[in-house]
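**Student:** Enclosed is the structure file upload-v4.txt (compact mmCIF, N, CA and C atoms and all ligand atoms).
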# COMPACT_ATOMS: atom_id res chain seq x y z
N MET A 245 7.82 16.11 16.57
CA MET A 245 8.65 15.89 15.38
C MET A 245 7.80 15.74 14.13
N TYR A 246 6.63 15.09 14.25
CA TYR A 246 5.73 14.93 13.09
C TYR A 246 4.60 15.95 13.14
N SER A 247 4.15 16.37 11.93
CA SER A 247 3.00 17.29 11.86
C SER A 247 1.73 16.53 12.27
N ASP A 248 0.68 17.31 12.57
CA ASP A 248 -0.61 16.68 12.92
C ASP A 248 -1.12 15.82 11.78
N LYS A 249 -0.88 16.29 10.55
CA LYS A 249 -1.38 15.53 9.38
C LYS A 249 -0.66 14.19 9.25
N VAL A 250 0.64 14.19 9.50
CA VAL A 250 1.38 12.92 9.44
C VAL A 250 0.82 11.96 10.48
N LEU A 251 0.63 12.47 11.69
CA LEU A 251 0.13 11.61 12.77
C LEU A 251 -1.27 11.09 12.44
N ASP A 252 -2.10 11.96 11.85
CA ASP A 252 -3.46 11.55 11.48
C ASP A 252 -3.41 10.42 10.46
N HIS A 253 -2.60 10.58 9.42
CA HIS A 253 -2.54 9.54 8.37
C HIS A 253 -1.85 8.27 8.87
N PHE A 254 -0.98 8.41 9.86
CA PHE A 254 -0.35 7.22 10.44
C PHE A 254 -1.35 6.45 11.30
N LYS A 255 -2.12 7.22 12.09
CA LYS A 255 -3.06 6.55 13.00
C LYS A 255 -4.32 6.09 12.30
N ASN A 256 -4.74 6.81 11.27
CA ASN A 256 -5.96 6.46 10.51
C ASN A 256 -5.63 6.39 9.02
N PRO A 257 -4.84 5.41 8.62
CA PRO A 257 -4.43 5.37 7.21
C PRO A 257 -5.63 5.22 6.28
N ARG A 258 -5.61 5.98 5.17
CA ARG A 258 -6.69 5.89 4.18
C ARG A 258 -6.29 4.85 3.13
N ASN A 259 -7.27 4.10 2.67
CA ASN A 259 -7.07 3.16 1.54
C ASN A 259 -5.98 2.12 1.83
N MET A 260 -5.96 1.61 3.04
CA MET A 260 -4.93 0.63 3.40
C MET A 260 -5.45 -0.78 3.14
N GLY A 261 -4.58 -1.63 2.61
CA GLY A 261 -4.93 -3.04 2.44
C GLY A 261 -4.67 -3.52 1.03
N GLU A 262 -4.61 -4.83 0.90
CA GLU A 262 -4.36 -5.45 -0.39
C GLU A 262 -5.60 -5.31 -1.26
N MET A 263 -5.41 -5.15 -2.58
CA MET A 263 -6.54 -5.13 -3.52
C MET A 263 -6.41 -6.38 -4.39
N LYS A 264 -7.34 -7.29 -4.19
CA LYS A 264 -7.22 -8.59 -4.86
C LYS A 264 -7.36 -8.49 -6.38
N ASP A 265 -8.20 -7.55 -6.85
CA ASP A 265 -8.45 -7.48 -8.29
C ASP A 265 -7.77 -6.25 -8.92
N ALA A 266 -6.62 -5.88 -8.37
CA ALA A 266 -5.91 -4.70 -8.90
C ALA A 266 -5.52 -4.93 -10.36
N ASP A 267 -5.52 -3.83 -11.12
CA ASP A 267 -5.05 -3.91 -12.52
C ASP A 267 -3.53 -3.89 -12.58
N ALA A 268 -2.90 -3.29 -11.57
CA ALA A 268 -1.43 -3.28 -11.53
C ALA A 268 -0.97 -3.05 -10.09
N ILE A 269 0.21 -3.57 -9.79
CA ILE A 269 0.78 -3.42 -8.45
C ILE A 269 2.19 -2.85 -8.59
N GLY A 270 2.45 -1.75 -7.90
CA GLY A 270 3.79 -1.18 -7.86
C GLY A 270 4.47 -1.61 -6.58
N GLU A 271 5.67 -2.13 -6.70
CA GLU A 271 6.40 -2.59 -5.51
C GLU A 271 7.73 -1.84 -5.46
N VAL A 272 7.98 -1.19 -4.34
CA VAL A 272 9.22 -0.42 -4.22
C VAL A 272 9.82 -0.66 -2.83
N GLY A 273 11.12 -0.87 -2.82
CA GLY A 273 11.82 -0.99 -1.55
C GLY A 273 12.66 0.25 -1.32
N ASN A 274 12.84 0.60 -0.07
CA ASN A 274 13.68 1.76 0.26
C ASN A 274 15.09 1.26 0.58
N PRO A 275 16.05 1.62 -0.28
CA PRO A 275 17.41 1.10 -0.07
C PRO A 275 18.05 1.62 1.22
N VAL A 276 17.53 2.76 1.72
CA VAL A 276 18.13 3.34 2.93
C VAL A 276 17.82 2.49 4.16
N CYS A 277 16.57 2.02 4.24
CA CYS A 277 16.15 1.33 5.47
C CYS A 277 15.62 -0.07 5.24
N GLY A 278 15.38 -0.44 3.96
CA GLY A 278 14.86 -1.78 3.67
C GLY A 278 13.36 -1.89 3.76
N ASP A 279 12.66 -0.77 4.01
CA ASP A 279 11.20 -0.83 4.08
C ASP A 279 10.60 -1.05 2.69
N LEU A 280 9.35 -1.48 2.68
CA LEU A 280 8.73 -1.96 1.45
C LEU A 280 7.30 -1.43 1.32
N ILE A 281 6.92 -1.08 0.08
CA ILE A 281 5.56 -0.61 -0.15
C ILE A 281 4.99 -1.28 -1.39
N TYR A 282 3.69 -1.57 -1.32
CA TYR A 282 2.95 -2.02 -2.50
C TYR A 282 1.83 -1.01 -2.73
N ILE A 283 1.71 -0.55 -3.97
CA ILE A 283 0.59 0.31 -4.36
C ILE A 283 -0.25 -0.44 -5.38
N TYR A 284 -1.53 -0.59 -5.09
CA TYR A 284 -2.46 -1.30 -5.98
C TYR A 284 -3.34 -0.27 -6.68
N ILE A 285 -3.48 -0.39 -7.99
CA ILE A 285 -4.38 0.53 -8.69
C ILE A 285 -5.39 -0.22 -9.55
N LYS A 286 -6.55 0.41 -9.66
CA LYS A 286 -7.59 -0.05 -10.57
C LYS A 286 -7.83 1.12 -11.53
N VAL A 287 -7.85 0.83 -12.81
CA VAL A 287 -7.93 1.90 -13.81
C VAL A 287 -9.19 1.72 -14.66
N ASN A 288 -9.91 2.83 -14.84
CA ASN A 288 -11.10 2.82 -15.69
C ASN A 288 -10.97 3.87 -16.78
N GLU A 289 -11.50 3.55 -17.91
CA GLU A 289 -11.52 4.49 -19.03
C GLU A 289 -12.73 5.41 -18.85
N GLU A 290 -12.48 6.72 -18.76
CA GLU A 290 -13.59 7.69 -18.63
C GLU A 290 -13.32 8.85 -19.56
N ASN A 291 -14.24 9.12 -20.46
CA ASN A 291 -14.10 10.22 -21.43
C ASN A 291 -12.74 10.18 -22.14
N GLY A 292 -12.34 8.99 -22.52
CA GLY A 292 -11.10 8.87 -23.26
C GLY A 292 -9.85 8.97 -22.40
N LYS A 293 -10.03 9.10 -21.07
CA LYS A 293 -8.87 9.18 -20.18
C LYS A 293 -8.81 7.94 -19.30
N GLU A 294 -7.59 7.55 -18.96
CA GLU A 294 -7.43 6.42 -18.03
C GLU A 294 -7.39 7.00 -16.62
N ILE A 295 -8.41 6.66 -15.84
CA ILE A 295 -8.56 7.25 -14.51
C ILE A 295 -8.29 6.20 -13.43
N ILE A 296 -7.59 6.61 -12.39
CA ILE A 296 -7.37 5.72 -11.24
C ILE A 296 -8.66 5.72 -10.42
N SER A 297 -9.46 4.68 -10.62
CA SER A 297 -10.78 4.65 -9.98
C SER A 297 -10.67 4.12 -8.56
N ASP A 298 -9.65 3.31 -8.31
CA ASP A 298 -9.45 2.82 -6.94
C ASP A 298 -7.96 2.61 -6.71
N ILE A 299 -7.56 2.78 -5.47
CA ILE A 299 -6.13 2.66 -5.15
C ILE A 299 -6.01 2.26 -3.69
N SER A 300 -5.05 1.41 -3.39
CA SER A 300 -4.79 1.07 -1.99
C SER A 300 -3.31 0.76 -1.82
N PHE A 301 -2.90 0.61 -0.57
CA PHE A 301 -1.48 0.36 -0.32
C PHE A 301 -1.29 -0.62 0.82
N GLN A 302 -0.15 -1.26 0.80
CA GLN A 302 0.36 -2.00 1.96
C GLN A 302 1.78 -1.53 2.16
N THR A 303 2.09 -1.12 3.37
CA THR A 303 3.43 -0.61 3.64
C THR A 303 4.00 -1.28 4.86
N PHE A 304 5.20 -1.80 4.67
CA PHE A 304 5.93 -2.39 5.79
C PHE A 304 7.06 -1.42 6.09
N GLY A 305 6.78 -0.47 6.96
CA GLY A 305 7.77 0.56 7.20
C GLY A 305 7.41 1.44 8.37
N CYS A 306 8.07 2.57 8.41
CA CYS A 306 7.95 3.49 9.56
C CYS A 306 6.69 4.33 9.47
N ALA A 307 6.48 5.14 10.48
CA ALA A 307 5.29 6.00 10.54
C ALA A 307 5.24 6.93 9.33
N ALA A 308 6.37 7.49 8.94
CA ALA A 308 6.38 8.41 7.80
C ALA A 308 6.06 7.67 6.51
N ALA A 309 6.53 6.44 6.38
CA ALA A 309 6.24 5.65 5.17
C ALA A 309 4.75 5.35 5.08
N ILE A 310 4.14 5.04 6.21
CA ILE A 310 2.71 4.73 6.22
C ILE A 310 1.90 6.00 5.92
N ALA A 311 2.26 7.11 6.55
CA ALA A 311 1.54 8.36 6.33
C ALA A 311 1.66 8.83 4.88
N THR A 312 2.85 8.72 4.30
CA THR A 312 3.03 9.17 2.92
C THR A 312 2.30 8.23 1.95
N SER A 313 2.27 6.95 2.27
CA SER A 313 1.53 6.00 1.42
C SER A 313 0.04 6.36 1.43
N SER A 314 -0.47 6.59 2.63
CA SER A 314 -1.87 6.97 2.78
C SER A 314 -2.15 8.24 1.98
N MET A 315 -1.29 9.23 2.12
CA MET A 315 -1.49 10.51 1.43
C MET A 315 -1.41 10.34 -0.08
N VAL A 316 -0.49 9.53 -0.57
CA VAL A 316 -0.37 9.41 -2.03
C VAL A 316 -1.62 8.76 -2.62
N THR A 317 -2.24 7.86 -1.87
CA THR A 317 -3.47 7.25 -2.40
C THR A 317 -4.57 8.31 -2.49
N GLU A 318 -4.61 9.21 -1.51
CA GLU A 318 -5.62 10.28 -1.55
C GLU A 318 -5.36 11.23 -2.71
N LEU A 319 -4.09 11.54 -2.94
CA LEU A 319 -3.74 12.48 -4.01
C LEU A 319 -4.04 11.89 -5.39
N ALA A 320 -3.86 10.57 -5.52
CA ALA A 320 -3.95 9.95 -6.85
C ALA A 320 -5.36 9.49 -7.21
N LYS A 321 -6.20 9.26 -6.22
CA LYS A 321 -7.53 8.71 -6.48
C LYS A 321 -8.33 9.67 -7.36
N GLY A 322 -8.89 9.13 -8.44
CA GLY A 322 -9.71 9.96 -9.33
C GLY A 322 -8.91 10.73 -10.37
N LYS A 323 -7.59 10.66 -10.28
CA LYS A 323 -6.75 11.38 -11.25
C LYS A 323 -6.50 10.49 -12.48
N SER A 324 -6.17 11.14 -13.58
CA SER A 324 -5.76 10.37 -14.76
C SER A 324 -4.35 9.84 -14.51
N LEU A 325 -3.95 8.85 -15.29
CA LEU A 325 -2.61 8.30 -15.10
C LEU A 325 -1.55 9.37 -15.35
N ASP A 326 -1.78 10.22 -16.36
CA ASP A 326 -0.81 11.29 -16.65
C ASP A 326 -0.69 12.26 -15.47
N GLU A 327 -1.84 12.62 -14.89
CA GLU A 327 -1.81 13.54 -13.73
C GLU A 327 -1.12 12.88 -12.54
N ALA A 328 -1.43 11.60 -12.33
CA ALA A 328 -0.85 10.89 -11.18
C ALA A 328 0.66 10.76 -11.31
N LEU A 329 1.13 10.65 -12.56
CA LEU A 329 2.58 10.54 -12.77
C LEU A 329 3.31 11.82 -12.36
N LYS A 330 2.55 12.93 -12.33
CA LYS A 330 3.18 14.21 -11.98
C LYS A 330 3.26 14.43 -10.47
N ILE A 331 2.64 13.54 -9.69
CA ILE A 331 2.71 13.68 -8.23
C ILE A 331 4.14 13.34 -7.79
N THR A 332 4.78 14.29 -7.16
CA THR A 332 6.19 14.09 -6.79
C THR A 332 6.32 13.75 -5.30
N ARG A 333 7.52 13.34 -4.96
CA ARG A 333 7.83 13.09 -3.54
C ARG A 333 7.57 14.35 -2.72
N GLY A 334 7.95 15.48 -3.30
CA GLY A 334 7.77 16.77 -2.61
C GLY A 334 6.30 17.09 -2.41
N ASP A 335 5.46 16.77 -3.41
CA ASP A 335 4.02 17.01 -3.28
C ASP A 335 3.46 16.23 -2.09
N VAL A 336 3.92 14.99 -1.96
CA VAL A 336 3.41 14.13 -0.88
C VAL A 336 3.82 14.72 0.47
N ALA A 337 5.07 15.10 0.59
CA ALA A 337 5.55 15.67 1.86
C ALA A 337 4.84 16.99 2.16
N ASP A 338 4.68 17.84 1.11
CA ASP A 338 4.00 19.13 1.32
C ASP A 338 2.56 18.93 1.78
N SER A 339 1.87 17.94 1.19
CA SER A 339 0.47 17.69 1.55
C SER A 339 0.34 17.25 3.00
N LEU A 340 1.43 16.76 3.56
CA LEU A 340 1.42 16.34 4.97
C LEU A 340 1.99 17.43 5.88
N ASP A 341 2.10 18.65 5.32
CA ASP A 341 2.71 19.77 6.06
C ASP A 341 4.16 19.50 6.42
N GLY A 342 4.82 18.76 5.55
CA GLY A 342 6.26 18.53 5.72
C GLY A 342 6.59 17.30 6.54
N LEU A 343 7.83 16.86 6.35
CA LEU A 343 8.36 15.73 7.13
C LEU A 343 9.66 16.20 7.75
N PRO A 344 10.04 15.64 8.87
CA PRO A 344 11.34 15.99 9.43
C PRO A 344 12.43 15.64 8.41
N PRO A 345 13.47 16.46 8.28
CA PRO A 345 14.50 16.22 7.26
C PRO A 345 15.03 14.80 7.27
N ILE A 346 15.18 14.23 8.44
CA ILE A 346 15.75 12.88 8.53
C ILE A 346 14.80 11.83 7.97
N LYS A 347 13.54 12.23 7.81
CA LYS A 347 12.52 11.29 7.31
C LYS A 347 12.14 11.54 5.86
N MET A 348 12.79 12.50 5.21
CA MET A 348 12.40 12.81 3.83
C MET A 348 12.57 11.60 2.90
N HIS A 349 13.57 10.77 3.16
CA HIS A 349 13.76 9.61 2.27
C HIS A 349 12.55 8.68 2.33
N CYS A 350 11.81 8.73 3.42
CA CYS A 350 10.64 7.85 3.56
C CYS A 350 9.54 8.24 2.59
N SER A 351 9.50 9.53 2.21
CA SER A 351 8.43 9.98 1.30
C SER A 351 8.70 9.50 -0.12
N ASN A 352 9.92 9.04 -0.39
CA ASN A 352 10.24 8.55 -1.73
C ASN A 352 9.42 7.32 -2.08
N LEU A 353 9.23 6.47 -1.09
CA LEU A 353 8.57 5.19 -1.34
C LEU A 353 7.19 5.37 -1.95
N ALA A 354 6.41 6.28 -1.38
CA ALA A 354 5.01 6.40 -1.78
C ALA A 354 4.89 6.86 -3.23
N ALA A 355 5.57 7.94 -3.58
CA ALA A 355 5.48 8.46 -4.95
C ALA A 355 6.08 7.45 -5.93
N ASP A 356 7.19 6.86 -5.56
CA ASP A 356 7.83 5.88 -6.46
C ASP A 356 6.93 4.65 -6.65
N GLY A 357 6.25 4.24 -5.58
CA GLY A 357 5.34 3.09 -5.67
C GLY A 357 4.19 3.37 -6.61
N LEU A 358 3.65 4.59 -6.52
CA LEU A 358 2.56 4.99 -7.42
C LEU A 358 3.05 4.98 -8.87
N HIS A 359 4.20 5.58 -9.10
CA HIS A 359 4.73 5.64 -10.47
C HIS A 359 5.03 4.24 -11.00
N ALA A 360 5.52 3.37 -10.13
CA ALA A 360 5.82 1.99 -10.54
C ALA A 360 4.54 1.27 -10.95
N ALA A 361 3.46 1.49 -10.20
CA ALA A 361 2.19 0.83 -10.52
C ALA A 361 1.69 1.30 -11.88
N ILE A 362 1.81 2.59 -12.15
CA ILE A 362 1.34 3.14 -13.44
C ILE A 362 2.18 2.57 -14.58
N LYS A 363 3.49 2.50 -14.35
CA LYS A 363 4.38 1.97 -15.38
C LYS A 363 4.02 0.51 -15.71
N ILE A 364 3.78 -0.26 -14.67
CA ILE A 364 3.43 -1.67 -14.89
C ILE A 364 2.08 -1.78 -15.60
N TYR A 365 1.15 -0.92 -15.21
CA TYR A 365 -0.16 -0.94 -15.89
C TYR A 365 0.03 -0.67 -17.37
N ARG A 366 0.83 0.34 -17.70
CA ARG A 366 1.02 0.71 -19.11
C ARG A 366 1.77 -0.38 -19.87
N GLU A 367 2.70 -1.03 -19.21
CA GLU A 367 3.41 -2.13 -19.87
C GLU A 367 2.43 -3.26 -20.21
N LYS A 368 1.52 -3.52 -19.25
CA LYS A 368 0.53 -4.58 -19.49
C LYS A 368 -0.39 -4.24 -20.65
N GLN A 369 -0.66 -2.93 -20.80
CA GLN A 369 -1.53 -2.48 -21.90
C GLN A 369 -0.77 -2.42 -23.22
N GLY A 370 0.55 -2.61 -23.15
CA GLY A 370 1.36 -2.56 -24.35
C GLY A 370 1.71 -1.15 -24.77
N ASN A 371 1.64 -0.18 -23.81
CA ASN A 371 2.01 1.21 -24.12
C ASN A 371 3.45 1.50 -23.70
FE1 LIG B 401 12.07 3.20 6.13
FE2 LIG B 401 10.97 5.46 6.75
S1 LIG B 401 12.52 4.45 7.86
S2 LIG B 401 10.64 4.28 4.98
Would you put the structure from the file into structure tokens?
**Tutor:**
Amino acid sequence: MYSDKVLDHFKNPRNMGEMKDADAIGEVGNPVCGDLIYIYIKVNEENGKEIISDISFQTFGCAAAIATSSMVTELAKGKSLDEALKITRGDVADSLDGLPPIKMHCSNLAADGLHAAIKIYREKQGN
């Protein structure tokens, strides 16, 4: 039912864990199942751009939620905030070679969590 990539990211999640000195934390719950994700970001100014220099996640959810969280951290690391905001739910699912249709709602958490973290970071900066 799951692609090899989903299983790989579920079994060996990248960038998993709380980040104590995060610049912002995005918290999103999935209304369909009640699962929860936290995305932690650290932002550095490089060549006039705000770059996600570090990112991690904590996910209390299903295998697809964990795999998509792991993948979104890989997609966003090193990107500017503007680029990271363009990462969609579909991008996350595509990067994992797709998700079973019944699990597509699970991919919402990861992208939404990333976007929430960026929004909170910008609010803190007064933007
Ligand atoms: Fe809750 Fe997948 S079942 S995120």
**Student:** Using only N, CA and C atoms and all ligand atoms, which of the listed residues (A:Asp267, A:Asp338, A:Glu262, A:Asp279) sits closest to ligand LIG 401 (chain B)?
**Tutor:** A:Asp279
**Student:** Please return, as a PyMOL selection string, all residues of region 256-369 of chain A that DSSP assigns to strand (DSSP E) on the basis of the backbone.
**Tutor:** chain A and resi 268-273+280-290+293-304
**Student:** Work out how far apart CA of Asp335 (chain A) and CA of Lys264 (chain A) are and give it in Å to one decimal.
**Tutor:** 28.0 Å
**Student:** My list of candidates is A:Asn259, A:Asn274, A:Gln369, A:Ser324. Which is closest to ligand LIG 401 (chain B) when distances are computed with only N, CA and C atoms and all ligand atoms?
**Tutor:** A:Asn274
**Student:** Do you have the CA of Lys347 (chain A)-CA of Gly334 (chain A) distance handy?
**Tutor:** 12.3 Å
**Student:** Run DSSP on the backbone and tell me which residues of region 257-342 of chain A come out as alpha helix (DSSP H); list them as a PyMOL selection string.
**Tutor:** chain A and resi 307-320+325-329+333-339
**Student:** So which one's closest to Ala309 (chain A), A:Tyr365, A:Met263, A:Ser351, A:Gly270? Using all atoms listed in the file, please.
**Tutor:**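 Of A:Tyr365, A:Met263, A:Ser351, A:Gly270, the one nearest Ala309 (chain A) is A:Ser351, counting all atoms listed in the file.
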**Student:** Please return the centre and edge lengths, in Å to one decimal, of a box with edges along x, y and z that contains all listed atoms of ligand LIG 401 (chain B), widened by 5 Å on every side, as JSON.
**Tutor:**
{"center_x": 11.6, "center_y": 4.3, "center_z": 6.4, "size_x": 11.9, "size_y": 12.3, "size_z": 12.9}
**Student:** Which protein, DNA or RNA residues have an atom within 6 Å of ligand LIG 401 (chain B), counting all atoms listed in the file, as an MDAnalysis selection string?
**Tutor:** chainID A and resid 277:279 305:309 349:350
**Student:** For the residues in the current selection, export N, CA and C atoms as a PDB file, in the coordinates of the input.
**Tutor:**
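The resulting file, out32.pdb, is shown below:
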ATOM      1  N   CYS A 277      16.570   2.020   4.240  1.00  0.00           N
ATOM      2  CA  CYS A 277      16.150   1.330   5.470  1.00  0.00           C
ATOM      3  C   CYS A 277      15.620  -0.070   5.240  1.00  0.00           C
ATOM      4  N   GLY A 278      15.380  -0.440   3.960  1.00  0.00           N
ATOM      5  CA  GLY A 278      14.860  -1.780   3.670  1.00  0.00           C
ATOM      6  C   GLY A 278      13.360  -1.890   3.760  1.00  0.00           C
ATOM      7  N   ASP A 279      12.660  -0.770   4.010  1.00  0.00           N
ATOM      8  CA  ASP A 279      11.200  -0.830   4.080  1.00  0.00           C
ATOM      9  C   ASP A 279      10.600  -1.050   2.690  1.00  0.00           C
ATOM     10  N   GLY A 305       6.780  -0.470   6.960  1.00  0.00           N
ATOM     11  CA  GLY A 305       7.770   0.560   7.200  1.00  0.00           C
ATOM     12  C   GLY A 305       7.410   1.440   8.370  1.00  0.00           C
ATOM     13  N   CYS A 306       8.070   2.570   8.410  1.00  0.00           N
ATOM     14  CA  CYS A 306       7.950   3.490   9.560  1.00  0.00           C
ATOM     15  C   CYS A 306       6.690   4.330   9.470  1.00  0.00           C
ATOM     16  N   ALA A 307       6.480   5.140  10.480  1.00  0.00           N
ATOM     17  CA  ALA A 307       5.290   6.000  10.540  1.00  0.00           C
ATOM     18  C   ALA A 307       5.240   6.930   9.330  1.00  0.00           C
ATOM     19  N   ALA A 308       6.370   7.490   8.940  1.00  0.00           N
ATOM     20  CA  ALA A 308       6.380   8.410   7.800  1.00  0.00           C
ATOM     21  C   ALA A 308       6.060   7.670   6.510  1.00  0.00           C
ATOM     22  N   ALA A 309       6.530   6.440   6.380  1.00  0.00           N
ATOM     23  CA  ALA A 309       6.240   5.650   5.170  1.00  0.00           C
ATOM     24  C   ALA A 309       4.750   5.350   5.080  1.00  0.00           C
ATOM     25  N   HIS A 349      13.570  10.770   3.160  1.00  0.00           N
ATOM     26  CA  HIS A 349      13.760   9.610   2.270  1.00  0.00           C
ATOM     27  C   HIS A 349      12.550   8.680   2.330  1.00  0.00           C
ATOM     28  N   CYS A 350      11.810   8.730   3.420  1.00  0.00           N
ATOM     29  CA  CYS A 350      10.640   7.850   3.560  1.00  0.00           C
ATOM     30  C   CYS A 350       9.540   8.240   2.590  1.00  0.00           C
TER      31      CYS A 350
END
**Student:** Quick one: of A:Asn256, A:Thr312, A:Thr317, A:Ser339, who's nearest to Asn352 (chain A), counting only C-alpha atoms?
**Tutor:**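 Checking each of A:Asn256, A:Thr312, A:Thr317, A:Ser339 against Asn352 (chain A), counting only C-alpha atoms, the winner is A:Thr312.
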**Student:** Report, in Å to a single decimal, how far apart atom C of Val287 (chain A) and CA of Ala337 (chain A) are.
**Tutor:**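 Between CA of Ala337 (chain A) and atom C of Val287 (chain A) the gap is 26.2 Å.
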**Student:** Go through A:Leu319, A:Ala266, A:Ile296, A:Met260 and flag the residue nearest Tyr284 (chain A), using only C-alpha atoms for the distances.
**Tutor:**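 Closest to Tyr284 (chain A) of all the choices is A:Ala266.
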**Student:** Check the smallest atom-to-atom distance from each of A:Ile295, A:Ala268, A:Leu340, A:Ile281 to Lys323 (chain A) using only N, CA and C atoms, then report the winner.
**Tutor:**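 Among the listed residues, the smallest separation from Lys323 (chain A) belongs to A:Ile295.
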